[in-house]
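**Q** My structure is in my_file_34.cif, and what it holds is mmCIF, N, CA, C and O atoms:
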```cif
data_final
#
loop_
_atom_site.label_atom_id
_atom_site.label_comp_id
_atom_site.auth_asym_id
_atom_site.auth_seq_id
_atom_site.Cartn_x
_atom_site.Cartn_y
_atom_site.Cartn_z
N MET T 24 0.85 -1.16 0.00
CA MET T 24 0.00 0.00 0.00
C MET T 24 0.91 1.24 0.00
O MET T 24 1.76 1.38 0.87
N PRO T 25 0.73 2.15 -0.96
CA PRO T 25 1.54 3.38 -0.99
C PRO T 25 1.24 4.27 0.20
O PRO T 25 0.15 4.24 0.77
N LEU T 26 2.22 5.08 0.55
CA LEU T 26 2.03 6.05 1.64
C LEU T 26 1.15 7.19 1.16
O LEU T 26 1.30 7.68 0.05
N ALA T 27 0.26 7.63 2.02
CA ALA T 27 -0.58 8.79 1.72
C ALA T 27 0.19 10.07 1.99
O ALA T 27 1.14 10.08 2.80
N ASP T 28 -0.19 11.16 1.31
CA ASP T 28 0.39 12.46 1.64
C ASP T 28 0.15 12.74 3.11
O ASP T 28 -0.90 12.39 3.66
N GLY T 29 1.11 13.37 3.77
CA GLY T 29 0.93 13.70 5.18
C GLY T 29 2.27 13.86 5.86
O GLY T 29 3.33 13.89 5.23
N THR T 30 2.22 13.95 7.19
CA THR T 30 3.43 14.14 8.00
C THR T 30 3.78 12.81 8.67
O THR T 30 2.92 12.14 9.23
N TYR T 31 5.07 12.45 8.57
CA TYR T 31 5.58 11.21 9.13
C TYR T 31 6.85 11.50 9.92
O TYR T 31 7.48 12.53 9.73
N THR T 32 7.22 10.59 10.79
CA THR T 32 8.49 10.69 11.51
C THR T 32 9.43 9.65 10.94
O THR T 32 9.11 8.46 10.91
N LEU T 33 10.59 10.12 10.43
CA LEU T 33 11.62 9.21 9.95
C LEU T 33 12.63 8.99 11.07
O LEU T 33 13.05 9.94 11.72
N ALA T 34 12.99 7.73 11.29
CA ALA T 34 13.93 7.41 12.36
C ALA T 34 14.97 6.43 11.86
O ALA T 34 14.67 5.55 11.05
N ASP T 35 16.16 6.58 12.31
CA ASP T 35 17.29 5.71 11.98
C ASP T 35 17.31 4.58 13.00
O ASP T 35 17.51 4.82 14.20
N ARG T 36 17.10 3.37 12.55
CA ARG T 36 17.07 2.23 13.48
C ARG T 36 18.40 2.03 14.19
O ARG T 36 18.47 1.41 15.24
N GLY T 37 19.49 2.55 13.61
CA GLY T 37 20.80 2.45 14.23
C GLY T 37 21.05 3.57 15.23
O GLY T 37 22.09 3.62 15.86
N HIS T 38 20.11 4.49 15.37
CA HIS T 38 20.18 5.61 16.32
C HIS T 38 21.40 6.50 16.08
O HIS T 38 21.97 7.05 17.00
N ARG T 39 21.79 6.66 14.81
CA ARG T 39 22.92 7.53 14.48
C ARG T 39 22.49 8.98 14.33
O ARG T 39 23.30 9.88 14.42
N THR T 40 21.19 9.19 14.05
CA THR T 40 20.65 10.55 13.94
C THR T 40 19.33 10.61 14.69
O THR T 40 18.67 9.60 14.92
N ALA T 41 18.94 11.81 15.06
CA ALA T 41 17.66 12.00 15.77
C ALA T 41 16.49 11.83 14.80
O ALA T 41 16.62 12.13 13.61
N PRO T 42 15.35 11.34 15.28
CA PRO T 42 14.16 11.25 14.43
C PRO T 42 13.80 12.63 13.88
O PRO T 42 14.05 13.65 14.52
N ALA T 43 13.20 12.65 12.70
CA ALA T 43 12.84 13.91 12.06
C ALA T 43 11.41 13.82 11.52
O ALA T 43 11.05 12.81 10.90
N ASP T 44 10.62 14.85 11.76
CA ASP T 44 9.27 14.92 11.19
C ASP T 44 9.38 15.47 9.77
O ASP T 44 10.04 16.49 9.55
N VAL T 45 8.77 14.76 8.82
CA VAL T 45 8.82 15.17 7.42
C VAL T 45 7.42 15.18 6.83
O VAL T 45 6.52 14.50 7.33
N ARG T 46 7.26 15.95 5.77
CA ARG T 46 5.99 16.01 5.05
C ARG T 46 6.19 15.37 3.68
O ARG T 46 7.10 15.75 2.94
N LEU T 47 5.37 14.38 3.38
CA LEU T 47 5.40 13.72 2.08
C LEU T 47 4.24 14.24 1.25
O LEU T 47 3.11 14.30 1.73
N SER T 48 4.53 14.62 0.01
CA SER T 48 3.46 15.04 -0.90
C SER T 48 3.81 14.59 -2.31
O SER T 48 4.97 14.55 -2.69
N ARG T 49 2.81 14.22 -3.06
CA ARG T 49 3.00 13.73 -4.43
C ARG T 49 3.05 14.89 -5.41
O ARG T 49 2.33 15.87 -5.28
N THR T 50 3.91 14.74 -6.40
CA THR T 50 3.96 15.70 -7.50
C THR T 50 2.92 15.29 -8.54
O THR T 50 2.35 14.20 -8.46
N ALA T 51 2.68 16.15 -9.52
CA ALA T 51 1.69 15.86 -10.55
C ALA T 51 2.02 14.58 -11.33
O ALA T 51 1.13 13.89 -11.81
N ASP T 52 3.33 14.26 -11.44
CA ASP T 52 3.72 13.06 -12.18
C ASP T 52 3.92 11.83 -11.29
O ASP T 52 4.47 10.82 -11.72
N GLY T 53 3.51 11.91 -10.01
CA GLY T 53 3.50 10.75 -9.15
C GLY T 53 4.72 10.53 -8.27
O GLY T 53 4.78 9.57 -7.52
N TYR T 54 5.72 11.39 -8.39
CA TYR T 54 6.89 11.27 -7.52
C TYR T 54 6.57 11.86 -6.14
O TYR T 54 5.57 12.54 -5.95
N LEU T 55 7.44 11.60 -5.17
CA LEU T 55 7.25 12.14 -3.82
C LEU T 55 8.19 13.31 -3.59
O LEU T 55 9.36 13.26 -3.96
N THR T 56 7.68 14.33 -2.93
CA THR T 56 8.51 15.41 -2.40
C THR T 56 8.61 15.15 -0.91
O THR T 56 7.59 14.93 -0.25
N ILE T 57 9.83 15.14 -0.39
CA ILE T 57 10.05 14.91 1.04
C ILE T 57 10.67 16.17 1.60
O ILE T 57 11.78 16.56 1.23
N ALA T 58 9.94 16.85 2.48
CA ALA T 58 10.39 18.11 3.06
C ALA T 58 10.24 18.05 4.57
O ALA T 58 9.47 17.25 5.10
N SER T 59 10.97 18.92 5.26
CA SER T 59 10.80 19.00 6.71
C SER T 59 9.36 19.41 6.99
O SER T 59 8.71 20.08 6.18
N ALA T 60 8.85 18.99 8.13
CA ALA T 60 7.45 19.26 8.47
C ALA T 60 7.13 20.75 8.47
O ALA T 60 6.01 21.15 8.14
N ASP T 61 8.12 21.59 8.80
CA ASP T 61 7.88 23.03 8.81
C ASP T 61 8.09 23.67 7.43
O ASP T 61 7.91 24.87 7.26
N GLY T 62 8.49 22.86 6.43
CA GLY T 62 8.67 23.36 5.08
C GLY T 62 9.96 24.11 4.84
O GLY T 62 10.18 24.63 3.74
N ALA T 63 10.84 24.16 5.83
CA ALA T 63 12.07 24.93 5.70
C ALA T 63 13.13 24.22 4.85
O ALA T 63 13.99 24.87 4.27
N ARG T 64 13.09 22.90 4.79
CA ARG T 64 14.11 22.14 4.06
C ARG T 64 13.46 21.06 3.21
O ARG T 64 12.39 20.57 3.54
N CYS T 65 14.14 20.69 2.14
CA CYS T 65 13.66 19.63 1.26
C CYS T 65 14.78 18.61 1.11
O CYS T 65 15.94 18.98 1.00
N LEU T 66 14.44 17.32 1.11
CA LEU T 66 15.44 16.27 1.01
C LEU T 66 16.09 16.29 -0.36
O LEU T 66 15.42 16.44 -1.39
N GLU T 67 17.39 16.13 -0.39
CA GLU T 67 18.15 16.10 -1.63
C GLU T 67 18.97 14.82 -1.65
O GLU T 67 19.55 14.44 -0.64
N THR T 68 19.01 14.15 -2.79
CA THR T 68 19.83 12.96 -2.96
C THR T 68 21.09 13.33 -3.71
O THR T 68 21.03 13.93 -4.77
N ARG T 69 22.23 12.98 -3.14
CA ARG T 69 23.51 13.27 -3.79
C ARG T 69 24.18 12.01 -4.31
O ARG T 69 25.11 12.09 -5.09
N SER T 70 23.75 10.88 -3.84
CA SER T 70 24.30 9.61 -4.33
C SER T 70 23.26 8.54 -4.12
O SER T 70 22.21 8.78 -3.53
N GLY T 71 23.54 7.37 -4.59
CA GLY T 71 22.60 6.27 -4.42
C GLY T 71 21.96 5.88 -5.73
O GLY T 71 22.43 6.23 -6.80
N LYS T 72 20.89 5.16 -5.63
CA LYS T 72 20.23 4.59 -6.79
C LYS T 72 18.83 5.15 -6.91
O LYS T 72 18.06 5.12 -5.95
N LEU T 73 18.48 5.65 -8.07
CA LEU T 73 17.13 6.13 -8.34
C LEU T 73 16.33 4.97 -8.92
O LEU T 73 16.74 4.37 -9.91
N THR T 74 15.24 4.62 -8.29
CA THR T 74 14.41 3.51 -8.75
C THR T 74 13.08 4.07 -9.23
O THR T 74 12.33 4.63 -8.44
N LEU T 75 12.81 3.92 -10.49
CA LEU T 75 11.55 4.39 -11.06
C LEU T 75 10.52 3.26 -11.04
O LEU T 75 10.85 2.10 -10.91
N GLN T 76 9.26 3.63 -11.18
CA GLN T 76 8.17 2.65 -11.23
C GLN T 76 8.08 1.85 -9.94
O GLN T 76 7.75 0.68 -9.95
N ARG T 77 8.38 2.48 -8.81
CA ARG T 77 8.38 1.79 -7.53
C ARG T 77 7.54 2.58 -6.55
O ARG T 77 7.81 3.75 -6.30
N ALA T 78 6.52 1.98 -6.01
CA ALA T 78 5.67 2.67 -5.05
C ALA T 78 6.36 2.81 -3.71
O ALA T 78 7.05 1.89 -3.25
N ALA T 79 6.23 3.99 -3.10
CA ALA T 79 6.75 4.18 -1.74
C ALA T 79 5.76 3.55 -0.78
O ALA T 79 4.56 3.74 -0.88
N GLY T 80 6.27 2.79 0.15
CA GLY T 80 5.40 2.13 1.11
C GLY T 80 6.16 1.87 2.38
O GLY T 80 7.35 2.15 2.48
N PRO T 81 5.48 1.35 3.37
CA PRO T 81 6.14 1.05 4.65
C PRO T 81 7.26 0.03 4.46
O PRO T 81 7.16 -0.86 3.62
N ALA T 82 8.30 0.18 5.24
CA ALA T 82 9.41 -0.76 5.21
C ALA T 82 8.96 -2.10 5.77
O ALA T 82 8.15 -2.14 6.71
N PRO T 83 9.45 -3.19 5.21
CA PRO T 83 9.08 -4.49 5.78
C PRO T 83 9.62 -4.65 7.19
O PRO T 83 10.70 -4.15 7.49
N ARG T 84 8.88 -5.31 8.02
CA ARG T 84 9.33 -5.56 9.39
C ARG T 84 10.36 -6.67 9.38
O ARG T 84 10.20 -7.66 8.69
N THR T 85 11.42 -6.47 10.17
CA THR T 85 12.46 -7.51 10.25
C THR T 85 12.54 -8.08 11.63
O THR T 85 12.08 -7.54 12.58
#
```
What would you get if you wrote out this structure as structure tokens?

**A**
Amino acid sequence: MPLADGTYTLADRGHRTAPADVRLSRTADGYLTIASADGARCLETRSGKLTLQRAAGPAPRT
């Protein structure tokens, strides 16, 4: 099930960074914008892998 637009808390399971409240919203073409809950910052990717045609959803439980 894809995530709905709204505010979520992102947390690092390794506890290397503090949890952060973020706002997820869909663009007109179906991508997600991830911004701080107060709208002051927007997430930027500088490395990694871009995966298209993939729905954002909850992480599987391990």

**Q** Find the residues near Arg64 (chain T): any atom within 8 Å, counting only N, CA, C and O atoms, skip ones fewer than 6 places away on the same chain, and give them as an mmCIF file with N, CA, C and O atoms, keeping the file's coordinate frame.

**A**
```cif
data_model
loop_
_atom_site.group_PDB
_atom_site.id
_atom_site.type_symbol
_atom_site.label_atom_id
_atom_site.label_comp_id
_atom_site.auth_asym_id
_atom_site.auth_seq_id
_atom_site.Cartn_x
_atom_site.Cartn_y
_atom_site.Cartn_z
ATOM 1 N N ASP T 44 10.620 14.850 11.760
ATOM 2 C CA ASP T 44 9.270 14.920 11.190
ATOM 3 C C ASP T 44 9.380 15.470 9.770
ATOM 4 O O ASP T 44 10.040 16.490 9.550
ATOM 5 N N VAL T 45 8.770 14.760 8.820
ATOM 6 C CA VAL T 45 8.820 15.170 7.420
ATOM 7 C C VAL T 45 7.420 15.180 6.830
ATOM 8 O O VAL T 45 6.520 14.500 7.330
ATOM 9 N N ARG T 46 7.260 15.950 5.770
ATOM 10 C CA ARG T 46 5.990 16.010 5.050
ATOM 11 C C ARG T 46 6.190 15.370 3.680
ATOM 12 O O ARG T 46 7.100 15.750 2.940
ATOM 13 N N THR T 56 7.680 14.330 -2.930
ATOM 14 C CA THR T 56 8.510 15.410 -2.400
ATOM 15 C C THR T 56 8.610 15.150 -0.910
ATOM 16 O O THR T 56 7.590 14.930 -0.250
ATOM 17 N N ILE T 57 9.830 15.140 -0.390
ATOM 18 C CA ILE T 57 10.050 14.910 1.040
ATOM 19 C C ILE T 57 10.670 16.170 1.600
ATOM 20 O O ILE T 57 11.780 16.560 1.230
ATOM 21 N N ALA T 58 9.940 16.850 2.480
ATOM 22 C CA ALA T 58 10.390 18.110 3.060
ATOM 23 C C ALA T 58 10.240 18.050 4.570
ATOM 24 O O ALA T 58 9.470 17.250 5.100
#
```

**Q** I'd like the interatomic distance between CA of Ala41 (chain T) and atom O of Leu55 (chain T), to a tenth of an Å.

**A** 21.4 Å

**Q** Calculate how many Å separate atom C of Ala43 (chain T) from atom N of Gly62 (chain T), rounding to one decimal.

**A**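 These atoms are spaced 10.8 Å apart.
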
**Q** Kindly give the distance, in Å, that separates atom O of Arg36 (chain T) and atom O of Tyr54 (chain T), rounded to a single decimal.

**A**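 Between these atoms lies a distance of 27.2 Å.
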
**Q** List every protein, DNA or RNA residue with an atom no more than 8 Å from (2.8, 13.4, 8.9) in the file's coordinates, counting only C-alpha atoms, and format the result as a PyMOL selection string.

**A** chain T and resi 28-32+44-47+60

**Q** When distances are computed from all atoms listed in the file, which of T:Asp61, T:Leu66, T:Arg49, T:Pro42 shows the smallest separation from Leu26 (chain T)?

**A**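 So, comparing all the options, the nearest one is T:Arg49.
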